[in-house]
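The structure appears right after this line, and notes come after that.
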Amino acid sequence: MIIGEETVRRHLSIEDGIKCVEDTWRWYGEGKVVMPNKITTDMSELGVPGWFNSMPAYIGPTDTAGIKVVGGYEGNRALGLPFIKANVLVTDSRTGILRALVSGDYINDLRTGCQPAVMAKVLAAKTDVVTIIGTGRMAYFSLLCMSKVLEMKEIRLADISEEAMDRFIARFSDAPFTFVKCASNEEACRGSDVVITITNANADLVEEPWLKKGSLVMTMGSFRETSFDVVRKADKIAVDQVGQSLHRGNLKELAEMGEITADSFDIVVPEVLAGKMKGRTDPDDRIYAQIIGTGMLDVAFAGLVLQKIEESGEEVFRFDMTK
Ligand SMILES: NC(=O)c1ccc[n+]([C@@H]2O[C@H](COP(=O)([O-])OP(=O)(O)OC[C@H]3O[C@@H](n4cnc5c(N)ncnc54)[C@H](O)[C@@H]3O)[C@@H](O)[C@H]2O)c1
């Protein structure tokens with residue numbers, strides 16, 4: 001089967017996405033998912049302005065084997081294409097025969113947005129006031145998904161681009177919460193219950209003294225987004241997956257300095273969902289969490305799309321690979 005974007009969108013609801021993230025993380029915590037760490041192919045060494053990651057996974061409970069291939073291509077914006085492009089290839093787990101090639105862009109957007117929704121459900125003490133630093137594409141999907149499962153009253157925004165904040169607010173015209181555009185990150189963070197960073201910056205966007213007792217900070221960008229003290233002085237450190245959290249995102253530099261190791265994580269969310277570990281134990285704890293994003297979710301989402309297509313009986317494009 002070859003499944004394009006429109007078909008994927010038609011078969012994947014936000015509610016399905018949230019359940020799929022919860023299930024897949026739990027299965028991973030139960031040892032029912034095989035997922036090696038991702039590998040990056042950086043083509044810039046040979047003058048091609050781009051890179052792509054290979055992210056394989058096998059989801060045991062749904063018997064879905066596949067690989068997400070996702071990259072960033074510098075020339076795409078000039079062509080009117082998104083910077084990030086993703087595809088998911090699903091193979092038969094017993095024979096290796098190609099089951100489907102699934103367009104991965106919406107899958108990537110939706111699984112990314114579902115992650116903070118599920119993580120906040122598990123780790124947040126309160127969600128009345130939520131701060132979002134960086135109001136781009138992934139932030140949009142994050143708030144969209146969070147709005148399905150969390151009670152939120154005030155959403156504070158901070159971005160270096162005023163236009164990005166205005167565009168963001170316009171996309172939530174009938175939202176049940178109010179938006180506040182903040183003049184500084186400090187104003188956005190002080191007193192907030194949940195702080196999310198989802199930018200392409202490499203900077204100290206959040207400082208430790210701004211965080212109140214009981215807050216949850218979730219960093220989702222690919223580089224540094226908080227001061228080191230936000231992590232060092234957190235009561236608990238949480239991650240979505242251990243291996244990749246040491247090599248990427250906000251924790252990368254602390255890991256390289258030897259301050260963060262695989263033993264530093266108090267909370268591994270898939271293990272909490274599997275009942276093997278405790279999540280938040282004290283409403284006053286300040287929890288720092290890194291959501292690094294893992295290929296098991298894209299493979300699981302692609303498997304879910306195939307299941308929905310089969311259930312619906314919809315005809316999709318099929319190609320016999322032996323021909
Ligand atoms: N964790 C995951 O699962 C996951 C998944 C996909 C993408 N990402 C990462 O998320 C990040 C955002 O991706 P996107 O597609 O939303 O990008 P985007 O370009 O759509 O949005 C990024 C936003 O960040 C803002 N920004 C940049 N520097 C800033 C700063 N110093 N302070 C405040 N705002 C700033 C930009 O103005 C923009 O509005 C990237 O680093 C991407 O690699 C993470």
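Ordering of the structure tokens sets the chain letters (A, B, ...); residue numbers start at 1 within each chain; ligands are numbered from 1 in the order shown.
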
| query | Could you pull out the strand (DSSP E) residues of range 126-309 of chain A from DSSP and send them as a VMD selection string? | reply | chain A and resid 129 to 133 154 to 158 178 to 181 194 to 197 216 to 219 236 to 239 267 to 268 287 to 290

Could you write out the selected residues, including C-alpha atoms, as a tab-separated table (two decimals), in the first residue's frame?
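File produced: again12.tsv:
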```tsv
chain	number	residue	atom	x	y	z
A	129	VAL	CA	-1.52	28.18	33.67
A	130	VAL	CA	0.55	26.77	30.82
A	131	THR	CA	3.50	28.58	29.23
A	132	ILE	CA	4.60	27.80	25.69
A	133	ILE	CA	7.95	29.18	24.56
A	154	GLU	CA	-4.47	30.60	30.75
A	155	ILE	CA	-1.93	29.97	27.98
A	156	ARG	CA	1.08	32.25	28.12
A	157	LEU	CA	3.12	32.59	24.95
A	158	ALA	CA	6.67	33.75	24.29
A	178	THR	CA	-7.27	32.78	27.32
A	179	PHE	CA	-4.00	33.69	25.66
A	180	VAL	CA	-1.43	36.10	27.07
A	181	LYS	CA	1.41	37.28	24.83
A	194	VAL	CA	3.55	23.94	33.19
A	195	VAL	CA	6.31	25.39	30.98
A	196	ILE	CA	6.94	23.91	27.53
A	197	THR	CA	9.83	24.92	25.29
A	216	LEU	CA	6.53	20.93	35.40
A	217	VAL	CA	9.00	22.01	32.70
A	218	MET	CA	9.00	20.01	29.46
A	219	THR	CA	11.66	20.72	26.84
A	236	LYS	CA	12.88	15.09	39.79
A	237	ILE	CA	14.20	14.57	36.26
A	238	ALA	CA	11.93	12.78	33.81
A	239	VAL	CA	12.40	11.51	30.24
A	267	ILE	CA	11.08	9.17	36.18
A	268	VAL	CA	10.95	7.31	32.85
A	287	ILE	CA	9.85	18.28	37.78
A	288	TYR	CA	12.07	18.82	34.75
A	289	ALA	CA	11.20	16.57	31.78
A	290	GLN	CA	12.79	16.08	28.40
```

| Hey, which residues come within 8 Å of ligand 1 if we count only C-alpha atoms and all ligand atoms? Could you give them as an NGL selection string? | :A and (83-84 or 108-109 or 111-113 or 115 or 133-140 or 158-161 or 164-165 or 185 or 198-203 or 205 or 219-223 or 290-294)

Export C-alpha atoms of the chosen residues as an mmCIF file, in the first residue's frame?
```cif
data_model
loop_
_atom_site.group_PDB
_atom_site.id
_atom_site.type_symbol
_atom_site.label_atom_id
_atom_site.label_comp_id
_atom_site.auth_asym_id
_atom_site.auth_seq_id
_atom_site.Cartn_x
_atom_site.Cartn_y
_atom_site.Cartn_z
ATOM 1 C CA PHE A 83 11.858 21.946 6.609
ATOM 2 C CA ILE A 84 11.174 18.504 8.102
ATOM 3 C CA ASN A 108 5.176 13.309 12.936
ATOM 4 C CA ASP A 109 3.124 16.404 13.788
ATOM 5 C CA ARG A 111 2.670 12.158 17.627
ATOM 6 C CA THR A 112 4.827 15.132 18.626
ATOM 7 C CA GLY A 113 1.800 17.036 19.900
ATOM 8 C CA GLN A 115 3.571 13.584 23.793
ATOM 9 C CA ILE A 133 7.954 29.179 24.562
ATOM 10 C CA GLY A 134 8.216 28.895 20.795
ATOM 11 C CA THR A 135 4.921 29.110 18.938
ATOM 12 C CA GLY A 136 5.691 27.272 15.702
ATOM 13 C CA ARG A 137 4.335 24.130 14.125
ATOM 14 C CA MET A 138 5.091 21.650 16.905
ATOM 15 C CA ALA A 139 3.754 24.049 19.538
ATOM 16 C CA TYR A 140 0.468 24.247 17.631
ATOM 17 C CA ALA A 158 6.666 33.748 24.291
ATOM 18 C CA ASP A 159 8.417 33.777 20.939
ATOM 19 C CA ILE A 160 11.046 35.968 19.306
ATOM 20 C CA SER A 161 8.509 36.466 16.524
ATOM 21 C CA ALA A 164 4.371 33.664 15.085
ATOM 22 C CA MET A 165 2.435 34.296 18.325
ATOM 23 C CA ASN A 185 10.313 34.576 29.017
ATOM 24 C CA ILE A 198 9.518 23.926 21.637
ATOM 25 C CA THR A 199 11.873 26.115 19.638
ATOM 26 C CA ASN A 200 14.796 25.714 17.284
ATOM 27 C CA ALA A 201 16.921 27.875 19.603
ATOM 28 C CA ASN A 202 20.094 26.809 21.388
ATOM 29 C CA ALA A 203 19.882 29.098 24.409
ATOM 30 C CA LEU A 205 15.240 30.255 27.463
ATOM 31 C CA THR A 219 11.664 20.717 26.837
ATOM 32 C CA MET A 220 11.000 19.422 23.339
ATOM 33 C CA GLY A 221 13.419 21.272 21.058
ATOM 34 C CA SER A 222 16.462 19.623 19.541
ATOM 35 C CA PHE A 223 19.023 21.782 21.375
ATOM 36 C CA GLN A 290 12.792 16.084 28.396
ATOM 37 C CA ILE A 291 10.619 14.807 25.568
ATOM 38 C CA ILE A 292 13.121 13.682 22.970
ATOM 39 C CA GLY A 293 10.640 11.981 20.627
ATOM 40 C CA THR A 294 11.061 8.386 19.536
#
```

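Using only C-alpha atoms, the residues found no farther than 12 Å from Arg94 in chain A, other than those of its own chain fewer than 2 positions away, are Tyr58, Asp63, Thr64, Ala65, Val90, Thr91, Asp92, Gly96, Ile97, Leu98 and Arg99 of chain A.
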
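Every residue of range 267-319 of chain A found in helix (DSSP H, G or I) when DSSP is run on the backbone appears here: Val269, Pro270, Glu271, Val272, Leu273, Gly295, Met296, Leu297, Asp298, Val299, Ala300, Phe301, Ala302, Gly303, Leu304, Val305, Leu306, Gln307, Lys308, Ile309, Glu310, Glu311 and Ser312 of chain A.
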
| What lies within 9 Å of Val21 in chain A using only C-alpha atoms, ignoring chain neighbours under 3 positions off, as a PyMOL selection string? | chain A and resi 16-18+24-26+111+114-115+118+297+300-301

Store the residues of this selection in a file with C-alpha atoms, as a PDB file, in the first residue's frame.
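The result, written out as out_35.pdb:
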```
ATOM      1  CA  ASP A  16      -6.563   7.965  18.593  1.00  0.00           C
ATOM      2  CA  GLY A  17      -3.149   9.622  18.645  1.00  0.00           C
ATOM      3  CA  ILE A  18      -3.215  10.249  22.384  1.00  0.00           C
ATOM      4  CA  THR A  24       3.024   2.514  22.914  1.00  0.00           C
ATOM      5  CA  TRP A  25       4.892   4.164  25.783  1.00  0.00           C
ATOM      6  CA  ARG A  26       3.315   1.664  28.204  1.00  0.00           C
ATOM      7  CA  ARG A 111       2.670  12.158  17.627  1.00  0.00           C
ATOM      8  CA  CYS A 114       0.369  14.037  21.757  1.00  0.00           C
ATOM      9  CA  GLN A 115       3.571  13.584  23.793  1.00  0.00           C
ATOM     10  CA  VAL A 118       0.279  12.450  27.824  1.00  0.00           C
ATOM     11  CA  LEU A 297       5.508   6.339  18.054  1.00  0.00           C
ATOM     12  CA  ALA A 300       2.878   2.679  15.929  1.00  0.00           C
ATOM     13  CA  PHE A 301       0.888   5.516  14.314  1.00  0.00           C
TER      14      PHE A 301
END
```

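Pairwise distance (CA of Leu251 in chain A, CA of Asn87 in chain A) equals 27.1 Å.
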
| task | Tell me which protein, DNA and RNA residues are within 9 Å of Lys148 in chain A, counting only C-alpha atoms, leaving out same-chain ones fewer than 3 positions away, and put them as a ChimeraX atom specification. | result | /A:14-15,18,117,143-145,151

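With distances restricted to only C-alpha atoms, A:Met35 is the closest residue to Ile59 in chain A from A:Met35, A:Ala125, A:Val206, A:Met43.
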
| Distance query Gly31 in chain A at most 10 Å, only C-alpha atoms, self and fewer than 2 positions along chain excluded, as a VMD selection string | chain A and resid 25 to 29 33 to 34 59 to 60 270 to 271 274

Could you turn the residues from that selection into a file that holds N, CA and C atoms, as a compact mmCIF listing (two decimals), in the first residue's frame?
```
# COMPACT_ATOMS: atom_id res chain seq x y z
N TRP A 25 3.96 3.91 24.67
CA TRP A 25 4.89 4.16 25.78
C TRP A 25 4.74 3.07 26.84
N ARG A 26 3.51 2.69 27.17
CA ARG A 26 3.32 1.66 28.20
C ARG A 26 3.93 0.33 27.76
N TRP A 27 3.67 -0.03 26.50
CA TRP A 27 4.24 -1.29 25.99
C TRP A 27 5.77 -1.23 26.03
N TYR A 28 6.32 -0.09 25.70
CA TYR A 28 7.78 0.06 25.76
C TYR A 28 8.27 -0.17 27.20
N GLY A 29 7.53 0.42 28.14
CA GLY A 29 7.86 0.24 29.56
C GLY A 29 7.72 -1.22 30.00
N VAL A 33 8.29 -3.53 23.18
CA VAL A 33 8.67 -2.78 21.98
C VAL A 33 10.19 -2.89 21.83
N VAL A 34 10.64 -3.14 20.60
CA VAL A 34 12.09 -3.14 20.35
C VAL A 34 12.40 -1.83 19.62
N ILE A 59 6.72 -2.95 17.24
CA ILE A 59 5.70 -2.82 18.29
C ILE A 59 5.06 -4.21 18.45
N GLY A 60 5.43 -4.91 19.50
CA GLY A 60 4.98 -6.30 19.67
C GLY A 60 3.47 -6.47 19.70
N PRO A 270 7.44 5.94 30.21
CA PRO A 270 6.90 4.63 29.83
C PRO A 270 6.88 3.64 31.00
N GLU A 271 7.86 3.73 31.89
CA GLU A 271 7.88 2.80 33.04
C GLU A 271 6.81 3.17 34.07
N ALA A 274 3.73 1.73 32.75
CA ALA A 274 3.75 0.27 32.90
C ALA A 274 3.61 -0.16 34.36
```
